[in-house]
$ cat model.cif   # mmCIF, C-alpha atoms
data_target
#
loop_
_atom_site.label_atom_id
_atom_site.label_comp_id
_atom_site.auth_asym_id
_atom_site.auth_seq_id
_atom_site.Cartn_x
_atom_site.Cartn_y
_atom_site.Cartn_z
CA MET A 219 0.00 0.00 0.00
CA ARG A 220 1.05 3.57 -0.62
CA HIS A 221 -0.87 6.81 -0.31
CA PHE A 222 -1.48 8.32 -3.76
CA GLY A 223 -0.15 5.09 -5.27
CA TYR A 224 -3.02 5.05 -7.79
CA ILE A 225 -1.69 8.26 -9.36
CA PRO A 226 0.68 7.56 -12.30
CA SER A 227 4.33 7.65 -11.23
CA ALA A 228 5.20 10.47 -13.65
CA VAL A 229 2.48 12.64 -12.10
CA ARG A 230 3.53 11.72 -8.54
CA SER A 231 7.12 12.73 -9.23
CA GLY A 232 5.89 16.18 -10.20
CA LEU A 233 3.87 16.52 -6.98
CA PHE A 234 6.24 15.20 -4.34
CA HIS A 235 9.64 16.28 -3.12
CA ARG A 236 9.60 12.95 -1.29
CA GLU A 237 6.96 10.42 -2.24
CA PRO A 238 4.91 8.52 0.35
CA ALA A 239 6.58 5.31 1.49
CA GLU A 240 5.11 1.88 0.89
CA PHE A 241 3.76 -0.04 3.88
CA THR A 242 1.97 -3.30 4.58
CA ALA A 243 -0.29 -4.67 7.30
CA ASP A 244 2.89 -6.02 8.90
CA SER A 245 4.65 -2.64 9.09
CA PRO A 246 5.54 -1.32 12.56
CA PRO A 247 2.53 -0.03 14.54
CA ARG A 248 3.82 3.55 14.62
CA VAL A 249 3.92 3.55 10.81
CA LEU A 250 0.44 2.03 10.48
CA ALA A 251 -1.05 4.46 13.00
CA ALA A 252 0.32 7.43 11.07
CA ALA A 253 -0.76 5.98 7.73
CA LEU A 254 -4.42 5.20 8.57
CA GLY A 255 -5.52 8.41 6.88
CA ALA A 256 -9.21 8.61 6.06
CA THR A 257 -10.67 5.45 7.60
CA LEU A 258 -13.79 4.68 5.60
CA TYR A 259 -16.69 3.04 7.45
CA SER A 260 -19.11 0.67 5.74
CA PRO A 261 -22.02 -1.37 7.13
CA ALA A 262 -21.05 -5.04 7.33
CA THR A 263 -24.40 -5.98 5.78
CA ARG A 264 -23.65 -4.65 2.28
CA PRO A 265 -24.27 -7.51 -0.17
CA ARG A 266 -21.38 -6.45 -2.45
CA LEU A 267 -19.00 -5.60 0.35
CA ALA A 268 -15.98 -7.34 -1.19
CA ALA A 269 -16.46 -5.46 -4.46
CA ASP A 270 -16.89 -2.20 -2.54
CA ILE A 271 -13.63 -2.81 -0.67
CA ARG A 272 -11.72 -3.49 -3.88
CA LYS A 273 -13.20 -0.39 -5.53
CA GLN A 274 -12.29 1.90 -2.65
CA ALA A 275 -8.78 0.46 -2.43
CA ALA A 276 -8.27 1.29 -6.11
CA ARG A 277 -9.31 4.88 -5.31
CA GLY A 278 -6.77 5.35 -2.54
CA VAL A 279 -8.48 4.09 0.63
CA VAL A 280 -5.92 2.34 2.86
CA SER A 281 -8.05 1.62 5.94
CA MET A 282 -11.68 0.54 6.30
CA VAL A 283 -13.99 -0.35 9.18
CA LEU A 284 -16.72 -2.90 8.53
CA CYS A 285 -19.37 -2.04 11.06
CA LEU A 286 -21.57 -4.40 13.07
CA GLU A 287 -22.54 -1.71 15.58
CA ASP A 288 -24.46 1.55 15.18
CA SER A 289 -24.63 1.52 11.37
CA ILE A 290 -26.87 -1.56 11.31
CA SER A 291 -30.03 -2.48 13.20
CA ASP A 292 -30.06 -4.89 16.11
CA ALA A 293 -32.00 -7.38 14.00
CA ASP A 294 -29.30 -7.44 11.31
CA VAL A 295 -26.28 -8.34 13.45
CA GLU A 296 -26.39 -12.08 12.79
CA ALA A 297 -26.80 -11.53 9.06
CA GLY A 298 -23.97 -9.00 9.11
CA GLU A 299 -21.61 -11.48 10.75
CA ALA A 300 -22.45 -14.16 8.19
CA ASN A 301 -21.98 -11.66 5.37
CA LEU A 302 -18.54 -10.71 6.67
CA VAL A 303 -17.42 -14.34 6.62
CA ARG A 304 -18.65 -14.75 3.00
CA GLN A 305 -17.12 -11.49 1.81
CA PHE A 306 -13.73 -12.23 3.39
CA ARG A 307 -13.70 -15.56 1.53
CA ASP A 308 -14.42 -13.69 -1.71
CA LEU A 309 -11.54 -11.29 -1.05
CA ALA A 310 -9.15 -14.09 -0.10
CA ASP A 311 -10.00 -16.18 -3.18
CA GLU A 312 -9.46 -13.24 -5.50
CA ARG A 313 -6.13 -12.37 -3.90
CA ALA A 314 -5.01 -16.01 -4.16
CA ALA A 315 -5.83 -15.86 -7.87
CA GLY A 316 -3.47 -12.90 -8.30
CA GLY A 317 -5.98 -10.13 -7.67
CA PRO A 318 -5.26 -6.85 -5.88
CA GLY A 319 -4.53 -6.54 -2.21
CA VAL A 320 -6.95 -5.07 0.31
CA PRO A 321 -6.75 -2.09 2.66
CA LEU A 322 -6.22 -2.45 6.39
CA LEU A 323 -9.54 -4.01 7.42
CA PHE A 324 -11.08 -3.65 10.87
CA VAL A 325 -14.40 -4.91 12.20
CA ARG A 326 -16.42 -2.77 14.58
CA VAL A 327 -18.05 -5.16 17.03
CA ARG A 328 -20.70 -4.71 19.71
CA GLU A 329 -19.59 -7.25 22.30
CA PRO A 330 -16.30 -8.93 23.27
CA ARG A 331 -17.57 -12.40 22.35
CA GLN A 332 -17.85 -11.33 18.72
CA ILE A 333 -14.06 -10.97 18.52
CA THR A 334 -13.31 -14.61 19.32
CA ASP A 335 -16.35 -15.88 17.44
CA LEU A 336 -15.61 -13.99 14.22
CA THR A 337 -11.91 -14.82 14.14
CA ALA A 338 -12.81 -18.51 14.48
CA ARG A 339 -15.45 -18.33 11.74
CA LEU A 340 -13.14 -16.46 9.36
CA GLY A 341 -10.73 -19.39 9.33
CA ASP A 342 -7.71 -18.82 7.10
CA THR A 343 -9.20 -15.59 5.74
CA VAL A 344 -8.42 -13.97 9.10
CA GLU A 345 -5.10 -13.08 7.47
CA LEU A 346 -6.98 -10.20 5.79
CA LEU A 347 -8.09 -8.79 9.14
CA SER A 348 -6.00 -6.10 10.83
CA GLY A 349 -8.08 -5.83 13.99
CA PHE A 350 -11.21 -4.59 15.70
CA VAL A 351 -12.82 -1.27 16.55
CA LEU A 352 -14.10 -1.28 20.13
CA PRO A 353 -17.14 0.96 20.79
CA LYS A 354 -18.00 3.02 23.86
CA PHE A 355 -14.63 2.24 25.38
CA THR A 356 -14.10 2.65 29.12
CA GLU A 357 -11.80 0.85 31.52
CA ALA A 358 -14.44 -1.75 32.44
CA ARG A 359 -15.76 -2.38 28.93
CA GLY A 360 -12.34 -2.04 27.37
CA SER A 361 -10.71 -4.67 29.55
CA ALA A 362 -13.19 -7.30 28.38
CA PHE A 363 -12.73 -6.34 24.73
CA LEU A 364 -8.94 -6.38 24.97
CA GLU A 365 -8.85 -9.72 26.78
CA ALA A 366 -10.99 -11.17 24.00
CA LEU A 367 -8.50 -9.75 21.50
CA VAL A 368 -5.65 -11.50 23.33
CA GLN A 369 -7.56 -14.78 23.12
CA ALA A 370 -8.17 -14.28 19.40
CA GLU A 371 -4.48 -13.59 18.82
CA ARG A 372 -3.51 -16.80 20.56
CA ALA A 373 -6.07 -18.80 18.59
CA THR A 374 -5.09 -17.37 15.20
CA GLY A 375 -1.37 -16.91 15.76
CA ARG A 376 -1.40 -13.41 14.30
CA ARG A 377 -1.27 -9.85 15.58
CA LEU A 378 -4.66 -8.12 15.75
CA TYR A 379 -4.87 -4.43 16.60
CA ALA A 380 -7.48 -2.60 18.63
CA MET A 381 -8.89 0.83 17.87
CA PRO A 382 -10.99 1.89 20.88
CA VAL A 383 -13.71 4.48 20.26
CA LEU A 384 -13.96 7.14 22.96
CA GLU A 385 -17.65 8.04 22.97
CA SER A 386 -19.19 7.02 26.30
CA PRO A 387 -21.31 9.39 28.43
CA GLU A 388 -18.87 8.90 31.33
CA LEU A 389 -16.18 10.52 29.21
CA LEU A 390 -18.43 13.37 28.14
CA HIS A 391 -19.85 14.30 31.54
CA LEU A 392 -17.60 16.64 33.46
CA GLU A 393 -18.07 14.99 36.86
CA THR A 394 -16.82 11.59 35.61
CA ARG A 395 -14.41 12.64 32.86
CA ALA A 396 -11.15 12.69 34.80
CA GLU A 397 -11.73 9.29 36.37
CA THR A 398 -12.83 7.81 33.04
CA LEU A 399 -9.78 9.16 31.23
CA ALA A 400 -7.48 7.79 33.93
CA GLY A 401 -9.10 4.37 33.59
CA ILE A 402 -8.79 4.40 29.81
CA ALA A 403 -5.14 5.43 30.12
CA ALA A 404 -4.47 2.53 32.49
CA VAL A 405 -6.07 -0.19 30.38
CA THR A 406 -4.66 1.03 27.07
CA ASP A 407 -1.19 1.29 28.57
CA LYS A 408 -1.45 -2.34 29.71
CA HIS A 409 -2.17 -3.34 26.09
CA ARG A 410 -0.03 -0.66 24.46
CA ASP A 411 1.40 -2.95 21.79
CA ARG A 412 -2.13 -3.84 20.62
CA VAL A 413 -3.71 -0.38 20.60
CA LEU A 414 -3.09 1.07 17.14
CA ALA A 415 -5.04 4.32 17.57
CA LEU A 416 -7.85 5.89 19.59
CA ARG A 417 -10.91 7.12 17.73
CA LEU A 418 -13.30 9.88 18.81
CA GLY A 419 -17.07 9.30 18.69
CA VAL A 420 -18.23 12.89 18.39
CA THR A 421 -21.69 11.94 17.09
CA ASP A 422 -22.38 10.17 20.38
CA PHE A 423 -21.07 13.17 22.32
CA CYS A 424 -23.49 15.45 20.50
CA SER A 425 -26.32 12.98 20.98
CA ALA A 426 -26.01 13.17 24.76
CA TYR A 427 -27.06 16.82 24.59
CA GLY A 428 -29.42 16.64 21.60
CA LEU A 429 -26.93 18.50 19.40
CA ARG A 430 -25.92 18.22 15.77
CA ARG A 431 -23.40 20.51 14.11
CA SER A 432 -24.37 22.10 10.82
CA PRO A 433 -22.27 21.83 7.61
CA ASP A 434 -20.63 25.20 8.24
CA MET A 435 -19.50 24.32 11.77
CA THR A 436 -16.67 22.07 12.90
CA ALA A 437 -16.54 19.87 16.00
CA TYR A 438 -14.38 22.57 17.56
CA ASP A 439 -17.24 25.09 17.30
CA VAL A 440 -19.39 22.89 19.58
CA LYS A 441 -17.79 23.80 22.89
CA VAL A 442 -18.98 20.85 24.94
CA VAL A 443 -17.39 18.57 22.31
CA ALA A 444 -14.24 20.68 21.91
CA HIS A 445 -13.58 20.49 25.65
CA VAL A 446 -13.73 16.68 25.56
CA ILE A 447 -11.36 16.52 22.59
CA SER A 448 -8.96 18.80 24.42
CA ASP A 449 -9.01 16.63 27.55
CA VAL A 450 -8.59 13.41 25.56
CA VAL A 451 -5.50 14.81 23.83
CA ASN A 452 -4.24 16.17 27.16
CA VAL A 453 -4.31 12.74 28.83
CA LEU A 454 -3.96 10.27 25.95
CA GLY A 455 -2.13 12.15 23.20
CA ARG A 456 1.07 13.23 24.92
CA ALA A 457 4.34 13.22 22.99
CA ASP A 458 6.39 11.82 25.87
CA GLY A 459 5.95 8.17 24.90
CA THR A 460 2.78 7.63 26.95
CA GLY A 461 0.38 8.89 24.29
CA PHE A 462 -1.39 7.30 21.32
CA THR A 463 -2.39 8.39 17.84
CA ILE A 464 -5.85 9.95 18.15
CA THR A 465 -7.92 10.23 14.99
CA GLY A 466 -10.27 13.03 13.98
CA PRO A 467 -14.07 12.80 14.31
CA VAL A 468 -16.45 11.88 11.54
CA TRP A 469 -17.80 14.50 9.11
CA GLU A 470 -21.48 13.74 8.54
CA TYR A 471 -22.30 15.75 5.41
CA PHE A 472 -21.96 14.88 1.74
CA ARG A 473 -23.69 15.46 -1.57
CA PRO A 474 -25.15 12.56 -3.60
CA GLY A 475 -22.72 10.82 -5.90
CA GLU A 476 -19.04 10.03 -5.57
CA ARG A 477 -17.63 12.63 -7.98
CA ILE A 478 -18.91 15.88 -6.56
CA PHE A 479 -15.67 17.71 -7.29
CA LYS A 480 -15.56 16.86 -10.98
CA PRO A 481 -17.96 19.52 -12.35
CA GLN A 482 -16.26 22.24 -10.32
CA LEU A 483 -12.84 21.11 -11.49
CA ARG A 484 -13.94 21.20 -15.12
CA ARG A 485 -15.11 24.79 -14.70
CA SER A 486 -12.23 25.89 -12.54
CA PRO A 487 -9.88 28.46 -14.08
CA PHE A 488 -7.12 26.62 -12.16
CA LEU A 489 -7.12 23.95 -14.85
CA GLU A 490 -6.63 26.67 -17.46
CA GLY A 491 -3.37 27.71 -15.85
CA ARG A 492 -4.60 30.35 -13.40
CA ALA A 493 -3.83 29.90 -9.71
CA GLU A 494 -7.36 29.97 -8.29
CA ASP A 495 -7.89 28.38 -4.91
CA LEU A 496 -10.45 25.62 -5.25
CA ARG A 497 -11.95 26.40 -1.85
CA THR A 498 -14.51 28.76 -3.42
CA ALA A 499 -15.90 25.88 -5.46
CA LEU A 500 -15.83 23.48 -2.54
CA ILE A 501 -17.79 25.83 -0.28
CA GLU A 502 -20.70 25.47 -2.72
CA HIS A 503 -20.65 21.73 -2.02
CA ASP A 504 -20.71 21.93 1.80
CA MET A 505 -17.04 20.93 1.90
CA ASP A 506 -15.52 24.02 3.43
CA GLY A 507 -16.50 22.84 6.92
CA LEU A 508 -14.76 19.52 6.29
CA LEU A 509 -11.57 21.22 5.10
CA ARG A 510 -11.50 23.51 8.12
CA GLU A 511 -12.13 20.62 10.48
CA ILE A 512 -9.28 18.57 8.98
CA GLU A 513 -6.92 21.49 9.54
CA LEU A 514 -8.19 21.97 13.10
CA ASP A 515 -7.81 18.24 13.78
CA ARG A 516 -4.09 18.43 13.08
CA ALA A 517 -3.67 21.72 14.95
CA ASN A 518 -5.22 20.04 18.00
CA GLY A 519 -3.03 16.92 17.88
CA LEU A 520 -5.22 14.53 15.86
CA LEU A 521 -4.12 12.54 12.80
CA GLY A 522 -6.37 10.76 10.32
CA LYS A 523 -10.15 10.90 10.30
CA THR A 524 -13.24 8.74 10.48
CA CYS A 525 -15.10 8.98 7.14
CA ILE A 526 -18.54 7.77 6.10
CA HIS A 527 -18.44 8.80 2.43
CA PRO A 528 -15.83 8.19 -0.30
CA THR A 529 -15.72 11.87 -1.27
CA HIS A 530 -14.16 12.70 2.10
CA VAL A 531 -11.12 10.48 1.57
CA LEU A 532 -9.09 12.55 -0.89
CA PRO A 533 -9.40 15.87 1.01
CA VAL A 534 -8.22 14.14 4.19
CA HIS A 535 -5.22 12.65 2.40
CA ALA A 536 -4.37 15.80 0.45
CA LEU A 537 -4.33 17.87 3.63
CA SER A 538 -2.19 15.23 5.36
CA VAL A 539 0.71 15.67 2.95
CA VAL A 540 3.61 17.49 4.60
CA SER A 541 4.44 20.81 2.98
CA HIS A 542 8.00 21.44 1.85
CA GLU A 543 8.26 24.21 4.45
CA GLU A 544 7.17 21.92 7.30
CA TRP A 545 9.62 19.25 6.16
CA SER A 546 12.47 21.75 5.90
CA ASP A 547 11.84 23.00 9.45
CA ALA A 548 11.59 19.46 10.84
CA GLN A 549 14.81 18.42 9.13
CA ASP A 550 16.68 21.40 10.54
CA ILE A 551 15.39 20.82 14.08
CA LEU A 552 16.40 17.15 14.08
CA ARG A 553 19.91 17.52 12.67
CA PRO A 554 22.42 15.68 14.92
CA GLU A 555 24.46 18.85 15.42
CA GLN A 556 21.40 20.44 17.06
CA ASP A 557 21.14 17.85 19.85
CA GLY A 558 22.27 20.41 22.39
CA GLY A 559 19.38 22.74 21.60
CA GLY A 560 19.40 26.33 20.50
CA VAL A 561 17.40 28.55 18.18
CA LEU A 562 17.53 28.52 14.38
CA ARG A 563 16.11 30.79 11.75
CA SER A 564 14.01 28.70 9.39
CA ALA A 565 15.26 28.04 5.87
CA TYR A 566 12.19 29.94 4.69
CA THR A 567 13.36 32.89 6.87
CA ASN A 568 9.87 33.42 8.27
CA LYS A 569 9.95 31.84 11.71
CA MET A 570 12.03 30.75 14.69
CA ASN A 571 12.77 27.05 15.14
CA GLU A 572 13.62 26.39 18.78
CA VAL A 573 15.24 22.96 18.81
CA LYS A 574 14.19 21.46 22.14
CA PRO A 575 10.56 22.70 22.32
CA HIS A 576 9.91 21.88 18.64
CA ARG A 577 11.57 18.43 18.63
CA ALA A 578 8.41 16.41 19.30
CA TRP A 579 6.57 18.34 16.56
CA ALA A 580 9.44 17.65 14.15
CA GLU A 581 9.43 13.93 14.91
CA ARG A 582 5.69 13.69 14.33
CA THR A 583 6.00 15.70 11.12
CA LEU A 584 8.63 13.37 9.68
CA LEU A 585 6.50 10.35 10.58
CA ARG A 586 3.58 11.92 8.71
CA ALA A 587 5.95 12.68 5.83
CA GLU A 588 6.87 9.00 5.65
CA ALA A 589 3.20 8.05 5.33
CA PHE A 590 1.88 10.86 3.12
CA GLY A 591 4.97 12.28 1.46
CA VAL A 592 6.43 15.77 1.17
CA ALA A 593 5.03 18.12 -1.44
CA ARG A 594 7.25 20.08 -3.78
CA GLU A 595 7.69 23.75 -2.94
CA ASP A 596 5.10 24.93 -5.47
CA VAL A 597 2.55 22.16 -4.79
CA GLY A 598 -0.38 22.63 -2.42
CA PHE A 599 -3.78 21.20 -1.61
CA VAL A 600 -5.39 22.20 -4.93
CA GLU A 601 -2.73 20.42 -7.03
CA LEU A 602 -2.93 17.29 -4.87
CA LEU A 603 -6.72 17.23 -5.02
CA THR A 604 -6.74 17.76 -8.77
CA ALA A 605 -4.19 15.02 -9.41
CA GLY A 606 -6.03 12.66 -7.08
CA LEU A 607 -9.29 13.11 -8.93
CA ALA A 608 -7.62 12.69 -12.32
CA GLY A 609 -5.81 9.58 -11.09
#
$ encode --input "model.cif" --output "structure tokens"
Amino acid sequence: MRHFGYIPSAVRSGLFHREPAEFTADSPPRVLAAALGATLYSPATRPRLAADIRKQAARGVVSMVLCLEDSISDADVEAGEANLVRQFRDLADERAAGGPGVPLLFVRVREPRQITDLTARLGDTVELLSGFVLPKFTEARGSAFLEALVQAERATGRRLYAMPVLESPELLHLETRAETLAGIAAVTDKHRDRVLALRLGVTDFCSAYGLRRSPDMTAYDVKVVAHVISDVVNVLGRADGTGFTITGPVWEYFRPGERIFKPQLRRSPFLEGRAEDLRTALIEHDMDGLLREIELDRANGLLGKTCIHPTHVLPVHALSVVSHEEWSDAQDILRPEQDGGGVLRSAYTNKMNEVKPHRAWAERTLLRAEAFGVAREDVGFVELLTAGLAG
């Protein structure tokens, strides 16, 4: 797998100063966590799920969650489980016949018992499974889920990752938040080598207060939600070795169809050689809120994003590419001769790079650069989006 790997190599070389690195499901956890990108959710009940997975992989999706929880009704759980087993066999048979690989695949379960049951029923096709998404995660619920994951690992002989979803009322409510966060920190630390990333369930947070953000508002505009995100990053996203990758919340809005950018791109003067920012066109399609939220995610310490529509994937990935300026600053800060600290003027001569305070930022930036690449000096979001759509 490689981000933007579906774009022709000649086009990629014109976009990237350093191209995204290749990775596999067996890459180190820190690499996989950084490379998750836009994690696309799909109900596990879809009758053509295997075909959907292959189609999205060809369009640049590198991680998917097949959901047995909130996206399907209680009555459909058994059918969803059976469908997953059939669809995994379809994927495995096609790959054995020389077909394409699959993204990182996770199953969102409802109960711990589903973890051991599904891994047993998948048989040899479990090799296509990267792990499980664990809903409404707290210390008590999480311990049971993670112990089931340990049992499944022993039974299958392969590493399976957990992605807990932080969305419980105990985490949202102020009077129980600190205790809940401490409990989550304790149980995830115990299973640190199995926890790939923590995901935020902002829809559930809003639900607890009867709220729903509009298309022109981000999660950070809803203060009760923003405060929870801040506290989660404070406790669980530290850069001192105790933290985890925390992914951005879902964006709920989209327009019908999977090619909503295409008409705007055809009319855009940018394609005629004029440097027009595509944001004006995207605002007309309710996408400006998504773009702002992606930028705010990263500014607040989050990486990657939960997505429920294919049109959200490319903007998430395009805005995850490291700019040449960011890469230049990170490289300067991490040079061996700077180990003693000090202050440097940036190569772009527009900021101060203070070596010790900016080191953790630089390390995270270079990890993101490994996953998503470094853009050339004259390449920005518009060029990446345009090339991605054309690819």
$ closest_residue --input "model.cif" --among "A:Thr374, A:Ser245, A:Ser386, A:Asn518" --to "A:Asp342" --atoms "only C-alpha atoms"
A:Thr374
$ closest_residue --input "model.cif" --among "A:Glu299, A:Glu588, A:Glu365, A:Asp407" --to "A:Gln332" --atoms "only C-alpha atoms"
A:Glu299
$ resolve_selection --input "model.cif" --expression "the PyMOL selection byres ((chain A and resi 226-228) around 10)" --output "list in words"
Phe222, Gly223, Tyr224, Ile225, Val229, Arg230, Ser231, Gly232, Leu233, Glu237, Ala605, Gly606, Ala608 and Gly609 of chain A
$ residues_around --input "model.cif" --residues "stretch 447-458 of chain A" --least-positions-apart "5" --cutoff "9 Å" --atoms "only C-alpha atoms" --output "count of residues only"
20
$ resolve_selection --input "model.cif" --expression "the PyMOL selection byres ((chain A and resi 272-275) around 10)" --output "list in words"
Met219, Tyr224, Leu258, Leu267, Ala268, Ala269, Asp270, Ile271, Ala276, Arg277, Gly278, Val279, Val280, Ser281, Met282, Leu309, Gly317, Pro318, Gly319, Val320, Pro321, Leu322, Pro528 and Val531 of chain A
$ write_last_selection --input "model.cif" --atoms "C-alpha atoms" --output "PDB file, in the frame of the given file"
ATOM      1  CA  MET A 219       0.000   0.000   0.000  1.00  0.00           C
ATOM      2  CA  TYR A 224      -3.020   5.050  -7.790  1.00  0.00           C
ATOM      3  CA  LEU A 258     -13.790   4.680   5.600  1.00  0.00           C
ATOM      4  CA  LEU A 267     -19.000  -5.600   0.350  1.00  0.00           C
ATOM      5  CA  ALA A 268     -15.980  -7.340  -1.190  1.00  0.00           C
ATOM      6  CA  ALA A 269     -16.460  -5.460  -4.460  1.00  0.00           C
ATOM      7  CA  ASP A 270     -16.890  -2.200  -2.540  1.00  0.00           C
ATOM      8  CA  ILE A 271     -13.630  -2.810  -0.670  1.00  0.00           C
ATOM      9  CA  ALA A 276      -8.270   1.290  -6.110  1.00  0.00           C
ATOM     10  CA  ARG A 277      -9.310   4.880  -5.310  1.00  0.00           C
ATOM     11  CA  GLY A 278      -6.770   5.350  -2.540  1.00  0.00           C
ATOM     12  CA  VAL A 279      -8.480   4.090   0.630  1.00  0.00           C
ATOM     13  CA  VAL A 280      -5.920   2.340   2.860  1.00  0.00           C
ATOM     14  CA  SER A 281      -8.050   1.620   5.940  1.00  0.00           C
ATOM     15  CA  MET A 282     -11.680   0.540   6.300  1.00  0.00           C
ATOM     16  CA  LEU A 309     -11.540 -11.290  -1.050  1.00  0.00           C
ATOM     17  CA  GLY A 317      -5.980 -10.130  -7.670  1.00  0.00           C
ATOM     18  CA  PRO A 318      -5.260  -6.850  -5.880  1.00  0.00           C
ATOM     19  CA  GLY A 319      -4.530  -6.540  -2.210  1.00  0.00           C
ATOM     20  CA  VAL A 320      -6.950  -5.070   0.310  1.00  0.00           C
ATOM     21  CA  PRO A 321      -6.750  -2.090   2.660  1.00  0.00           C
ATOM     22  CA  LEU A 322      -6.220  -2.450   6.390  1.00  0.00           C
ATOM     23  CA  PRO A 528     -15.830   8.190  -0.300  1.00  0.00           C
ATOM     24  CA  VAL A 531     -11.120  10.480   1.570  1.00  0.00           C
TER      25      VAL A 531
END
$ closest_residue --input "model.cif" --among "A:Val325, A:Ala373, A:Leu514, A:Leu390" --to "A:Thr436" --atoms "all atoms listed in the file"
A:Leu514
$ axis_aligned_box --input "model.cif" --around "stretch 409-413 of chain A" --padding-each-side "4 Å" --output "lines of an AutoDock Vina configuration file"
center_x = -1.2
center_y = -2.1
center_z = 23.3
size_x = 13.1
size_y = 11.5
size_z = 13.5
$ closest_residue --input "model.cif" --among "A:Asp288, A:Asp335, A:Glu581, A:Glu543" --to "A:His235" --atoms "all atoms listed in the file"
A:Glu543
$ atom_distance --input "model.cif" --atom1 "atom CA of A:His409" --atom2 "atom CA of A:Gly360"
10.3 Å
$ atom_distance --input "model.cif" --atom1 "atom CA of A:His542" --atom2 "atom CA of A:Trp469"
27.7 Å
$ resolve_selection --input "model.cif" --expression "the PyMOL selection byres ((chain A and resi 430) around 12)" --output "ChimeraX atom specification"
/A:420-429,431-437,439-440,442-443,469-471
$ atom_distance --input "model.cif" --atom1 "atom CA of A:Gly401" --atom2 "atom CA of A:Lys523"
24.2 Å
